[in-house]
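Engineer: Got a file for you: protein_31.txt, compact mmCIF, C-alpha atoms.
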```txt
# COMPACT_ATOMS: atom_id res chain seq x y z
CA MET A 870 95.12 99.82 -71.48
CA MET A 871 96.45 97.76 -68.59
CA SER A 872 97.19 94.85 -70.86
CA GLN A 873 99.86 96.89 -72.64
CA MET A 874 102.00 97.49 -69.50
CA PRO A 875 105.44 95.83 -69.34
CA ARG A 876 105.29 92.35 -67.72
CA GLN A 877 106.72 92.10 -64.20
CA ALA A 878 107.67 88.71 -62.93
CA ALA A 879 106.79 89.49 -59.33
CA LEU A 880 103.26 90.66 -60.13
CA PRO A 881 100.39 88.19 -59.81
CA THR A 882 98.78 86.97 -62.99
CA CYS A 883 95.15 86.69 -64.06
CA PRO A 884 93.84 83.18 -63.37
CA SER A 885 91.89 83.33 -66.64
CA CYS A 886 94.34 84.71 -69.23
CA ALA A 887 97.69 84.67 -67.29
CA GLU A 888 98.23 88.39 -67.92
CA PRO A 889 100.05 90.27 -65.12
CA LEU A 890 97.98 92.33 -62.70
CA ASP A 891 98.60 95.46 -60.69
CA ALA A 892 97.95 95.73 -56.99
CA GLY A 893 94.41 96.84 -56.33
CA ASP A 894 92.97 95.59 -59.66
CA ARG A 895 89.47 94.22 -59.30
CA PHE A 896 89.12 93.16 -62.95
CA CYS A 897 91.66 91.85 -65.40
CA GLY A 898 92.49 94.55 -67.94
CA ALA A 899 93.02 91.93 -70.68
CA CYS A 900 90.01 89.65 -70.36
CA GLY A 901 87.80 91.40 -67.78
CA TYR A 902 87.91 88.47 -65.30
CA ASP A 903 86.33 89.33 -61.95
CA LEU A 904 89.25 89.05 -59.53
CA SER A 905 87.02 89.14 -56.45
CA VAL A 906 86.07 85.47 -56.98
CA VAL A 907 89.66 84.23 -57.25
CA PRO A 908 90.37 81.73 -54.43
CA PRO A 909 93.37 82.42 -52.19
CA HIS A 910 96.64 81.00 -53.37
CA PRO A 911 97.31 77.68 -51.61
CA GLU A 912 100.21 77.54 -49.21
CA ASP A 913 101.49 74.28 -50.68
CA HIS A 914 102.05 73.71 -54.38
CA PRO A 915 100.24 70.62 -55.72
CA THR A 916 102.36 68.27 -57.71
CA LEU A 917 99.50 66.65 -59.60
CA THR A 918 96.94 68.20 -61.86
CA MET A 919 93.36 67.06 -61.85
CA ASN A 920 94.03 64.79 -64.82
CA GLY A 921 97.03 63.26 -63.06
CA ALA A 922 99.81 64.90 -65.22
CA ALA A 923 102.95 65.62 -63.22
CA HIS A 924 104.56 69.08 -63.02
CA ALA A 925 107.92 70.09 -61.81
CA ALA A 926 107.95 72.21 -58.69
CA ALA A 927 108.11 75.87 -59.63
CA SER A 928 109.92 78.62 -57.77
CA ASP A 929 108.13 81.77 -56.61
CA SER A 930 109.81 83.84 -59.35
CA ALA A 931 109.65 81.36 -62.23
CA PRO A 932 106.62 81.25 -64.52
CA PRO A 933 104.49 78.10 -64.33
CA VAL A 934 105.62 75.22 -66.50
CA PRO A 935 103.05 74.42 -69.20
CA PRO A 936 101.62 70.89 -69.27
CA ALA A 937 103.29 68.27 -71.48
CA VAL A 938 100.22 67.99 -73.65
CA PRO A 939 98.95 71.45 -74.66
CA ALA A 940 95.28 72.05 -74.12
CA PRO A 941 93.24 72.66 -77.23
CA PRO A 942 92.71 76.33 -78.10
CA VAL A 943 89.67 77.92 -76.59
CA ALA A 944 87.49 79.92 -78.94
CA PRO A 945 86.89 83.47 -77.76
CA VAL A 946 83.46 84.11 -76.33
CA PRO A 947 81.50 86.72 -78.35
CA PRO A 948 80.93 89.91 -76.38
CA GLU A 949 77.20 89.67 -76.66
CA THR A 950 77.20 86.27 -74.87
CA ALA A 951 80.04 86.78 -72.42
CA GLY A 952 78.25 89.08 -70.03
CA TRP A 953 81.20 91.48 -69.74
CA SER A 954 81.71 95.03 -71.02
CA THR A 955 83.58 95.17 -74.34
CA ALA A 956 85.72 97.98 -72.94
CA ALA A 957 87.30 95.55 -70.50
CA ARG A 958 88.36 93.10 -73.22
CA ALA A 959 91.50 93.02 -75.40
CA PRO A 960 90.29 93.95 -78.89
CA ALA A 961 91.85 91.15 -80.92
CA GLN A 962 93.58 88.92 -78.41
CA ALA A 963 92.21 85.45 -77.71
CA ALA A 964 92.52 84.44 -74.09
CA PRO A 965 94.67 81.35 -73.51
CA ALA A 966 93.29 78.39 -71.63
CA ALA A 967 93.00 79.09 -67.92
CA PRO A 968 95.21 77.01 -65.66
CA VAL A 969 93.50 74.71 -63.17
CA VAL A 970 93.07 76.37 -59.81
CA PRO A 971 92.35 73.94 -56.97
CA ALA A 972 89.47 74.73 -54.67
CA PRO A 973 90.37 75.80 -51.13
CA GLY A 974 90.88 72.88 -48.76
CA VAL A 975 91.09 70.23 -51.54
CA ARG A 976 94.35 68.36 -52.03
CA PHE A 977 95.39 66.79 -55.29
CA ASP A 978 98.77 65.44 -54.26
CA ARG A 979 97.36 62.13 -52.99
CA PRO A 980 97.55 58.96 -55.08
CA ALA A 981 94.47 57.99 -56.99
CA GLU A 982 92.12 55.67 -55.10
CA PRO A 983 90.41 52.66 -56.67
CA GLU A 984 86.74 52.92 -57.51
CA GLU A 985 85.98 49.67 -55.66
CA TYR A 986 87.47 48.16 -52.54
CA SER A 987 87.71 44.46 -51.88
CA LEU A 988 85.68 43.36 -48.84
CA GLN A 989 87.29 41.26 -46.21
CA ALA A 990 85.66 37.88 -45.74
CA PRO A 991 83.73 37.71 -42.44
CA ASP A 992 85.21 35.76 -39.61
CA PRO A 993 83.19 32.52 -39.49
CA ARG A 994 83.46 32.45 -35.71
CA VAL A 995 81.91 35.92 -35.40
CA ALA A 996 79.25 35.12 -37.99
CA ALA A 997 78.29 31.98 -36.14
CA ASP A 998 77.95 33.87 -32.85
CA SER A 999 75.81 36.67 -34.35
CA ALA A 1000 73.51 34.43 -36.43
CA PRO A 1001 70.00 34.19 -34.89
CA ALA A 1002 69.00 30.81 -33.61
CA PRO A 1003 66.44 29.09 -35.85
CA GLU A 1004 62.94 28.93 -34.42
CA PRO A 1005 61.80 25.44 -33.43
CA ALA A 1006 59.40 23.83 -35.86
CA LYS A 1007 55.75 24.03 -34.79
CA VAL A 1008 54.06 20.71 -34.18
CA CYS A 1009 50.42 20.07 -35.03
CA VAL A 1010 48.06 20.30 -32.07
CA ALA A 1011 45.86 17.56 -33.55
CA CYS A 1012 48.19 14.72 -34.57
CA ARG A 1013 51.23 15.87 -32.55
CA ALA A 1014 53.47 14.58 -35.35
CA GLY A 1015 53.16 16.80 -38.40
CA ARG A 1016 55.00 20.04 -39.05
CA VAL A 1017 52.91 23.22 -39.38
CA ASP A 1018 53.49 25.13 -42.64
CA ASP A 1019 53.51 28.90 -43.09
CA ASP A 1020 49.78 28.91 -43.90
CA GLY A 1021 48.92 27.46 -40.49
CA TYR A 1022 48.03 23.92 -41.59
CA CYS A 1023 49.58 20.60 -40.59
CA GLU A 1024 51.61 18.99 -43.38
CA ASN A 1025 50.71 15.55 -42.03
CA CYS A 1026 46.97 15.64 -41.31
CA GLY A 1027 45.97 19.01 -42.80
CA HIS A 1028 44.45 20.26 -39.54
CA ALA A 1029 44.19 24.06 -39.27
CA GLN A 1030 46.22 25.32 -36.31
CA PRO A 1031 44.78 27.71 -33.72
CA ARG A 1032 45.42 31.43 -33.97
CA GLU A 1033 46.76 33.44 -31.05
CA ARG A 1034 43.35 34.14 -29.55
CA ASP A 1035 41.86 30.79 -30.50
CA HIS A 1036 43.18 29.32 -27.26
CA MET A 1037 44.63 31.40 -24.43
CA GLU A 1038 45.77 30.41 -20.95
CA ALA A 1039 47.14 32.44 -18.03
CA GLU A 1040 48.07 31.67 -14.43
CA PRO A 1041 49.46 34.78 -12.68
CA GLY A 1042 49.88 33.30 -9.24
CA PRO A 1043 47.03 31.59 -7.37
CA LEU A 1044 44.34 32.24 -10.02
CA ALA A 1045 44.04 31.16 -13.66
CA ALA A 1046 41.94 31.48 -16.80
CA VAL A 1047 41.47 29.65 -20.10
CA SER A 1048 39.71 30.89 -23.24
CA ASP A 1049 38.95 28.81 -26.32
CA ARG A 1050 37.35 29.53 -29.69
CA GLY A 1051 35.05 26.53 -29.42
CA LEU A 1052 34.06 24.15 -32.20
CA ARG A 1053 31.61 26.24 -34.22
CA HIS A 1054 32.87 29.84 -34.28
CA HIS A 1055 35.47 31.03 -36.77
CA ARG A 1056 37.19 33.25 -34.18
CA ASN A 1057 37.37 33.81 -30.43
CA GLU A 1058 35.38 36.87 -29.38
CA ASP A 1059 35.98 36.37 -25.63
CA ALA A 1060 38.73 37.94 -23.54
CA PHE A 1061 39.85 37.95 -19.92
CA GLY A 1062 42.04 39.94 -17.55
CA LEU A 1063 43.74 38.64 -14.40
CA GLY A 1064 45.89 40.25 -11.74
CA THR A 1065 46.93 40.43 -8.11
CA ALA A 1066 47.19 43.49 -5.87
CA VAL A 1067 48.24 44.32 -2.33
CA LEU A 1068 45.75 46.18 -0.16
CA PRO A 1069 46.89 48.99 2.16
CA ASP A 1070 46.90 46.58 5.13
CA GLY A 1071 49.31 44.27 3.27
CA SER A 1072 46.76 41.55 2.51
CA PRO A 1073 46.39 40.22 -1.05
CA ALA A 1074 43.56 40.78 -3.51
CA LEU A 1075 42.84 38.69 -6.59
CA VAL A 1076 41.15 40.17 -9.67
CA ALA A 1077 39.47 38.33 -12.56
CA ILE A 1078 37.52 39.89 -15.45
CA VAL A 1079 35.81 37.91 -18.24
CA CYS A 1080 34.16 39.52 -21.29
CA ASP A 1081 32.07 38.05 -24.10
CA GLY A 1082 31.84 39.95 -27.40
CA VAL A 1083 28.37 40.41 -28.87
CA SER A 1084 28.53 38.58 -32.21
CA SER A 1085 25.83 40.68 -33.87
CA ALA A 1086 27.88 43.85 -33.29
CA THR A 1087 30.87 45.23 -35.15
CA ARG A 1088 34.31 44.05 -33.96
CA PRO A 1089 33.12 42.07 -30.92
CA ASP A 1090 36.61 40.66 -30.34
CA ASP A 1091 38.03 44.17 -30.03
CA ALA A 1092 35.23 45.15 -27.64
CA SER A 1093 35.84 42.25 -25.25
CA LEU A 1094 39.59 42.83 -25.27
CA ALA A 1095 39.26 46.56 -24.59
CA ALA A 1096 36.75 46.01 -21.78
CA SER A 1097 38.74 43.28 -20.03
CA ARG A 1098 41.91 45.37 -20.10
CA ALA A 1099 40.25 48.58 -18.91
CA ALA A 1100 38.37 46.88 -16.06
CA SER A 1101 41.30 44.85 -14.75
CA GLU A 1102 43.68 47.83 -14.95
CA SER A 1103 41.16 50.02 -13.13
CA LEU A 1104 40.78 47.51 -10.30
CA LEU A 1105 44.50 46.88 -9.94
CA ALA A 1106 45.08 50.63 -9.66
CA ALA A 1107 42.23 51.38 -7.22
CA LEU A 1108 42.56 48.53 -4.72
CA PRO A 1109 46.08 49.39 -3.46
CA GLN A 1110 44.84 52.97 -2.86
CA GLY A 1111 42.32 51.74 -0.31
CA THR A 1112 39.18 51.91 -2.47
CA HIS A 1113 36.54 49.49 -1.23
CA PRO A 1114 36.40 46.47 -3.57
CA GLN A 1115 32.72 46.96 -4.37
CA ALA A 1116 33.21 50.65 -5.25
CA ALA A 1117 36.32 49.73 -7.23
CA MET A 1118 34.32 47.14 -9.17
CA HIS A 1119 31.65 49.70 -10.05
CA GLU A 1120 34.27 52.14 -11.34
CA ALA A 1121 35.98 49.36 -13.26
CA ILE A 1122 32.77 48.57 -15.15
CA VAL A 1123 32.36 52.26 -15.97
CA ALA A 1124 35.96 52.37 -17.26
CA ALA A 1125 35.30 49.29 -19.38
CA SER A 1126 32.18 50.93 -20.80
CA HIS A 1127 34.16 54.02 -21.82
CA ALA A 1128 36.79 51.82 -23.50
CA VAL A 1129 34.17 50.01 -25.57
CA ASN A 1130 32.34 53.24 -26.43
CA ALA A 1131 35.59 54.65 -27.80
CA LEU A 1132 35.71 51.86 -30.38
CA ALA A 1133 32.55 53.13 -32.07
CA GLY A 1134 34.55 55.71 -33.98
CA GLU A 1135 37.67 53.59 -34.73
CA PRO A 1136 38.18 53.33 -37.59
CA ALA A 1137 35.95 56.02 -39.09
CA THR A 1138 35.03 53.74 -42.00
CA ALA A 1139 33.79 50.87 -39.83
CA ARG A 1140 30.13 51.79 -40.28
CA GLU A 1141 30.63 52.28 -44.02
CA HIS A 1142 31.84 48.69 -44.42
CA ALA A 1143 29.16 47.23 -42.15
CA PRO A 1144 26.28 49.72 -41.90
CA HIS A 1145 23.83 47.01 -40.79
CA GLN A 1146 25.77 46.18 -37.62
CA ASN A 1147 25.66 47.83 -34.24
CA ALA A 1148 28.56 49.53 -32.49
CA PRO A 1149 31.15 47.24 -30.81
CA ALA A 1150 29.65 45.63 -27.72
CA CYS A 1151 30.33 42.97 -25.10
CA THR A 1152 29.23 41.64 -21.73
CA LEU A 1153 31.37 41.69 -18.58
CA VAL A 1154 31.60 39.77 -15.33
CA GLY A 1155 34.31 40.17 -12.71
CA ALA A 1156 35.34 39.08 -9.25
CA VAL A 1157 37.57 40.53 -6.54
CA VAL A 1158 38.65 38.17 -3.76
CA THR A 1159 40.34 39.37 -0.56
CA ALA A 1160 41.10 37.56 2.68
CA GLY A 1161 37.50 37.82 3.92
CA LEU A 1162 35.41 39.41 1.15
CA LEU A 1163 34.14 38.32 -2.25
CA VAL A 1164 32.84 41.01 -4.63
CA VAL A 1165 31.31 40.40 -8.05
CA GLY A 1166 30.19 42.81 -10.76
CA TRP A 1167 28.54 42.29 -14.12
CA VAL A 1168 26.66 43.65 -17.12
CA GLY A 1169 25.04 41.15 -19.49
CA ASP A 1170 24.68 37.39 -19.21
CA SER A 1171 28.20 36.25 -18.28
CA ARG A 1172 28.14 34.68 -14.83
CA ALA A 1173 29.98 34.03 -11.56
CA TYR A 1174 29.46 30.88 -9.43
CA TRP A 1175 30.51 30.03 -5.89
CA VAL A 1176 31.70 26.44 -5.43
CA PRO A 1177 32.75 25.53 -1.85
CA ALA A 1178 35.66 23.20 -1.22
CA ASP A 1179 33.32 21.11 0.97
CA ARG A 1180 30.91 19.72 -1.58
CA GLY A 1181 28.49 18.95 1.22
CA ALA A 1182 27.73 22.70 1.31
CA PRO A 1183 25.59 24.14 -1.48
CA ALA A 1184 27.04 25.94 -4.49
CA ALA A 1185 25.48 29.21 -5.60
CA ARG A 1186 25.14 31.45 -8.63
CA LEU A 1187 26.28 34.97 -7.70
CA THR A 1188 24.94 36.97 -10.67
CA GLU A 1189 21.61 37.57 -12.40
CA ASP A 1190 21.50 37.74 -16.20
CA ASP A 1191 20.59 40.83 -18.15
CA SER A 1192 18.57 38.75 -20.61
CA TRP A 1193 15.11 38.12 -21.98
CA ALA A 1194 14.81 34.83 -20.08
CA ALA A 1195 15.75 36.44 -16.75
CA GLN A 1196 13.15 39.16 -17.29
CA MET A 1197 10.46 36.57 -17.99
CA VAL A 1198 11.32 34.69 -14.80
CA ALA A 1199 11.50 37.87 -12.73
CA ALA A 1200 8.12 38.96 -14.04
CA GLY A 1201 6.59 35.58 -13.14
CA LEU A 1202 5.58 34.94 -16.74
CA MET A 1203 7.66 31.74 -17.08
CA ASN A 1204 9.59 29.43 -14.86
CA GLU A 1205 13.33 29.16 -15.40
CA ALA A 1206 13.19 25.96 -17.42
CA GLU A 1207 10.57 27.36 -19.79
CA ALA A 1208 12.33 30.70 -20.19
CA TYR A 1209 15.73 29.25 -21.01
CA ALA A 1210 14.22 26.76 -23.42
CA ASP A 1211 12.86 29.61 -25.51
CA GLU A 1212 14.84 30.70 -28.57
CA ARG A 1213 14.84 34.27 -27.21
CA ALA A 1214 16.42 33.22 -23.92
CA HIS A 1215 19.90 34.56 -24.64
CA ALA A 1216 18.82 37.91 -26.07
CA ILE A 1217 20.62 40.27 -23.72
CA THR A 1218 19.04 43.41 -22.29
CA GLY A 1219 22.23 44.93 -20.91
CA TRP A 1220 25.71 45.28 -22.41
CA LEU A 1221 28.71 47.56 -22.78
CA GLY A 1222 28.67 49.60 -25.98
CA ALA A 1223 27.94 52.96 -27.50
CA ASP A 1224 24.40 51.94 -28.45
CA ALA A 1225 23.43 50.45 -25.06
CA TYR A 1226 20.20 51.84 -23.68
CA GLU A 1227 21.86 52.86 -20.44
CA LEU A 1228 24.72 51.57 -18.33
CA GLU A 1229 23.60 49.75 -15.18
CA PRO A 1230 26.61 48.16 -13.46
CA HIS A 1231 25.55 45.42 -11.06
CA THR A 1232 27.72 44.70 -8.00
CA ALA A 1233 27.31 42.44 -4.98
CA SER A 1234 29.50 41.47 -2.04
CA PHE A 1235 29.61 38.23 -0.06
CA LYS A 1236 31.43 36.86 2.97
CA PRO A 1237 31.67 33.09 2.55
CA ASP A 1238 32.17 31.18 5.79
CA ARG A 1239 34.34 28.49 4.21
CA PRO A 1240 37.01 28.14 1.50
CA GLY A 1241 36.14 27.46 -2.10
CA VAL A 1242 36.55 28.86 -5.60
CA VAL A 1243 34.78 31.47 -7.70
CA VAL A 1244 34.09 30.41 -11.29
CA VAL A 1245 33.83 33.45 -13.58
CA CYS A 1246 32.66 32.46 -17.07
CA THR A 1247 30.86 33.28 -20.31
CA ASP A 1248 27.71 31.51 -21.50
CA GLY A 1249 29.92 29.28 -23.63
CA LEU A 1250 30.53 27.33 -20.42
CA TRP A 1251 27.36 27.73 -18.38
CA ASN A 1252 25.23 26.60 -21.32
CA TYR A 1253 26.56 23.14 -20.45
CA ALA A 1254 26.41 23.54 -16.65
CA GLU A 1255 23.66 26.08 -16.02
CA ALA A 1256 22.60 25.31 -12.47
CA ALA A 1257 25.04 25.88 -9.62
CA GLU A 1258 24.82 22.21 -8.67
CA GLU A 1259 25.79 21.21 -12.22
CA MET A 1260 28.76 23.56 -12.15
CA ALA A 1261 29.91 22.16 -8.81
CA GLU A 1262 29.86 18.64 -10.25
CA VAL A 1263 32.27 19.63 -13.01
CA VAL A 1264 34.72 21.62 -10.84
CA PRO A 1265 37.56 19.36 -9.62
CA LEU A 1266 37.98 18.94 -5.88
CA ASP A 1267 41.49 20.42 -5.97
CA ALA A 1268 40.40 23.52 -7.89
CA ALA A 1269 41.68 25.94 -5.21
CA VAL A 1270 45.25 24.62 -5.42
CA ARG A 1271 45.22 23.82 -9.17
CA PRO A 1272 43.19 26.66 -10.73
CA LEU A 1273 44.68 26.26 -14.24
CA HIS A 1274 43.88 22.57 -14.28
CA CYS A 1275 40.34 23.37 -13.15
CA ALA A 1276 39.90 25.96 -15.91
CA ARG A 1277 41.10 23.47 -18.51
CA VAL A 1278 38.67 20.86 -17.22
CA LEU A 1279 35.75 23.27 -17.44
CA VAL A 1280 36.63 24.35 -21.00
CA GLY A 1281 36.97 20.70 -21.95
CA HIS A 1282 33.52 20.04 -20.52
CA ALA A 1283 32.04 22.71 -22.79
CA LEU A 1284 33.87 21.38 -25.85
CA ASP A 1285 32.73 17.85 -25.10
CA GLY A 1286 29.19 19.15 -24.86
CA GLY A 1287 29.34 20.60 -28.38
CA GLY A 1288 31.41 23.77 -28.10
CA HIS A 1289 28.76 25.84 -29.89
CA ASP A 1290 30.17 29.12 -28.54
CA ASN A 1291 33.46 30.63 -27.44
CA VAL A 1292 34.36 29.34 -23.96
CA THR A 1293 36.14 31.42 -21.32
CA VAL A 1294 36.48 30.67 -17.61
CA ALA A 1295 38.54 32.10 -14.75
CA VAL A 1296 39.02 30.24 -11.46
CA VAL A 1297 39.72 32.32 -8.33
CA PRO A 1298 40.34 30.61 -4.95
CA PHE A 1299 38.73 31.99 -1.78
CA PRO A 1300 40.01 33.13 0.60
CA ALA A 1301 42.86 34.79 -1.26
CA PRO A 1302 46.06 32.85 -0.51
CA PRO A 1303 48.98 34.75 1.05
CA GLN A 1304 50.85 37.05 -1.34
CA GLY A 1305 53.31 35.11 -3.46
CA ALA A 1306 51.57 31.76 -3.13
CA GLY A 1307 51.04 29.87 -6.34
CA SER A 1308 49.17 26.84 -7.49
CA ALA A 1309 50.51 23.36 -6.90
```
I need this file expressed as structure tokens, please.

Structural biologist:
Amino acid sequence: MMSQMPRQAALPTCPSCAEPLDAGDRFCGACGYDLSVVPPHPEDHPTLTMNGAAHAAASDSAPPVPPAVPAPPVAPVPPETAGWSTAARAPAQAAPAAPVVPAPGVRFDRPAEPEEYSLQAPDPRVAADSAPAPEPAKVCVACRAGRVDDDGYCENCGHAQPRERDHMEAEPGPLAAVSDRGLRHHRNEDAFGLGTAVLPDGSPALVAIVCDGVSSATRPDDASLAASRAASESLLAALPQGTHPQAAMHEAIVAASHAVNALAGEPATAREHAPHQNAPACTLVGAVVTAGLLVVGWVGDSRAYWVPADRGAPAARLTEDDSWAAQMVAAGLMNEAEAYADERAHAITGWLGADAYELEPHTASFKPDRPGVVVVCTDGLWNYAEAAEEMAEVVPLDAAVRPLHCARVLVGHALDGGGHDNVTVAVVPFPAPPQGAGSA
């Protein structure tokens, strides 16, 4: 057998049993080791073993120096468990322990590294610069003295603080809007959308949309928000393209209807949790004001009023309600006072929603001959100033130049009257001020 051949110093040795090999051998003749899996001999000779024991550097012709502490003898593996042919094994010779062969590309001649590294203390100057600034403490809206805790209550007077949609204000240029939860509702189901656009001739256009969620429907707050956003975005996209304001208003109401209809299936379990409720629904009223034209559009019982700057001229209501009371008056069955005194007065006959009978967008255009403001509001306001003359009495004289102040005054009027419903009002001056002009 090959294991009985005289040893030659220059021949390579088996990495398993250290027996010399002949050129071209694929298996060790002594132990049967598969030489095809032997890694290439490293170019450099490591000076440390894996357990850290030092070896003297060996010459190419000298045999390797054994470790200082001999490895324990390795019991021979029985042929039936070794997986090799018994013909390739030395009959009675136990294979010595195999020397450690480093894996290709791994160096062992580097000093041992600690398991843990000490962390350098942060520079206090850098830490101070990167630390976020603490948020200012919230102050109670009721007593103006107490701090608001994480639960939303004042630590001084215990007053519950408003949520994000409980009270909203916006003043994007020369128009403004305010929305408030009111004094009786547990949430605000109204929403509004405001914006300004530039017509193809360079003149400005002001857009205001106000929506009132139907409380008897599912997710009325989501419905009003979706409708106000869809309608205002549709108008602000169409007007600069040259679409006539009245046609743009009609398309905006249709877009708002589609947005509310889409909520009927989101989430899919909404009807399972509230099977007795209708699909999300809301009303809508909007106004577009240009240099010489006033356009309004609506579905439901939210309203728009015209209040001239010269209070000697008459104010006017610009919309007709989609409601039971309006139908009674139109049919001549009741006068307006009798109809609106009835408990069925505010039952609406038109709305935006997947279960609406049919969509009938109402639009109208006007050309006022004098300056003034358009008051766009939900019934939470006009319940306390129903007639146009009553609304004109509440609107401040400087409403056109201070629209946000006017909106706050009108919301305050509704709250002082009882605040039984959510209150939302937008104030739009007419004619539209030059582009870039703001309120005083």

Engineer: Would you list the contacts of range 1062-1074 of chain A as a PDB file with C-alpha atoms, in the frame of the given file, taking every protein, DNA or RNA residue within 7 Å and counting only C-alpha atoms, but skipping same-chain residues closer than 6 positions in sequence?

Structural biologist:
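Contents of out_32.pdb, freshly written:
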```pdb
ATOM      1  CA  PRO A1041      49.460  34.780 -12.680  1.00  0.00           C
ATOM      2  CA  SER A1097      38.740  43.280 -20.030  1.00  0.00           C
ATOM      3  CA  ARG A1098      41.910  45.370 -20.100  1.00  0.00           C
ATOM      4  CA  SER A1101      41.300  44.850 -14.750  1.00  0.00           C
ATOM      5  CA  LEU A1105      44.500  46.880  -9.940  1.00  0.00           C
ATOM      6  CA  LEU A1108      42.560  48.530  -4.720  1.00  0.00           C
ATOM      7  CA  PRO A1109      46.080  49.390  -3.460  1.00  0.00           C
ATOM      8  CA  GLN A1110      44.840  52.970  -2.860  1.00  0.00           C
ATOM      9  CA  GLY A1111      42.320  51.740  -0.310  1.00  0.00           C
ATOM     10  CA  VAL A1157      37.570  40.530  -6.540  1.00  0.00           C
ATOM     11  CA  VAL A1158      38.650  38.170  -3.760  1.00  0.00           C
ATOM     12  CA  THR A1159      40.340  39.370  -0.560  1.00  0.00           C
ATOM     13  CA  ALA A1160      41.100  37.560   2.680  1.00  0.00           C
ATOM     14  CA  ALA A1301      42.860  34.790  -1.260  1.00  0.00           C
ATOM     15  CA  PRO A1303      48.980  34.750   1.050  1.00  0.00           C
ATOM     16  CA  GLN A1304      50.850  37.050  -1.340  1.00  0.00           C
TER      17      GLN A1304
END
```

Engineer: Find the residue from A:Asp1179, A:Asp1211, A:Glu1205, A:Asp894 that sits nearest to Pro881 in chain A; use only C-alpha atoms when measuring.

Structural biologist: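 Checking each candidate against Pro881 in chain A, we get A:Asp894 as the closest.
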
Engineer: Counting all atoms listed in the file, what is within 7 Å of Ala1257 in chain A, bar same-chain residues fewer than 2 positions away, as a ChimeraX atom specification?

Structural biologist: /A:1174,1184-1186,1255,1259-1261

Engineer: Using all atoms listed in the file, which of A:Ala1156, A:Thr882, A:Asp1170, A:Gln1030 sits nearest Cys897 in chain A?

Structural biologist: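 Comparing A:Ala1156, A:Thr882, A:Asp1170, A:Gln1030 against Cys897 in chain A, the winner is A:Thr882.
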
Engineer: Please indicate the distance in Å from CA of Trp1167 in chain A to CA of His1274 in chain A, rounded to one decimal place.

Structural biologist: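 One can read the CA of Trp1167 in chain A to CA of His1274 in chain A distance as 25.0 Å.
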
Engineer: Using Å and a single decimal, report how far CA of Trp1251 in chain A sits from CA of Arg1050 in chain A.

Structural biologist: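 If I compute the distance from CA of Arg1050 in chain A to CA of Trp1251 in chain A, I get 15.2 Å.
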
Engineer: To one decimal in Å, tell me the separation between CA of Phe1235 in chain A and CA of Thr1218 in chain A.

Structural biologist: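 Between CA of Phe1235 in chain A and CA of Thr1218 in chain A the gap works out to 25.2 Å.
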
Engineer: Restricting the calculation to only C-alpha atoms: of A:Ala1107, A:Val1168, A:Met1197, A:Cys1026, which residue gets closest to Gly1219 in chain A?

Structural biologist: A:Val1168

Engineer: Which one is closest to Glu1229 in chain A: A:Val1292, A:Val1123, A:Ala1039, A:Ala887? Count all atoms listed in the file.

Structural biologist: A:Val1123

Engineer: Around the point (33.2, 23.6, -31.5), in the coordinates given by the file, pick out the residues reaching within 9 Å, counting all atoms listed in the file, and return them as a compact mmCIF listing (two decimals) with C-alpha atoms, keeping the file's coordinate frame.

Structural biologist:
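Result file is point08.txt:
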```txt
# COMPACT_ATOMS: atom_id res chain seq x y z
CA ARG A 1050 37.35 29.53 -29.69
CA GLY A 1051 35.05 26.53 -29.42
CA LEU A 1052 34.06 24.15 -32.20
CA ARG A 1053 31.61 26.24 -34.22
CA HIS A 1054 32.87 29.84 -34.28
CA ALA A 1283 32.04 22.71 -22.79
CA LEU A 1284 33.87 21.38 -25.85
CA ASP A 1285 32.73 17.85 -25.10
CA GLY A 1286 29.19 19.15 -24.86
CA GLY A 1287 29.34 20.60 -28.38
CA GLY A 1288 31.41 23.77 -28.10
CA HIS A 1289 28.76 25.84 -29.89
CA ASP A 1290 30.17 29.12 -28.54
CA ASN A 1291 33.46 30.63 -27.44
```

Engineer: Find the spatial neighbours of Val1083 in chain A, counting all atoms listed in the file, within a cut-off of 12 Å - ignore same-chain residues fewer than 5 positions away - and output them as a ChimeraX atom specification.

Structural biologist: /A:1057-1060,1088-1093,1129,1146-1153,1169-1171,1215-1222,1225,1247-1248,1290-1291

Engineer: Rank A:Ala1173, A:Cys1275, A:Val1280, A:Ala1099 by their smallest atom-to-atom distance to Ala1121 in chain A, using all atoms listed in the file, and report the top residue only.

Structural biologist: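 Comparing A:Ala1173, A:Cys1275, A:Val1280, A:Ala1099 against Ala1121 in chain A, the winner is A:Ala1099.
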
Engineer: Kindly indicate which residue among A:Cys1009, A:Ala1131, A:Leu890, A:Val1297 lies nearest to Tyr1022 in chain A, using all atoms listed in the file for the distances.

Structural biologist: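 Selected residue with least distance to Tyr1022 in chain A: A:Cys1009.
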
Engineer: Find the residues around range 1044-1047 of chain A up to 6 Å (all atoms listed in the file counted), leave out those fewer than 4 positions away in its own chain, and share them as a ChimeraX atom specification.

Structural biologist: /A:1037-1040,1272-1273,1276,1293-1297
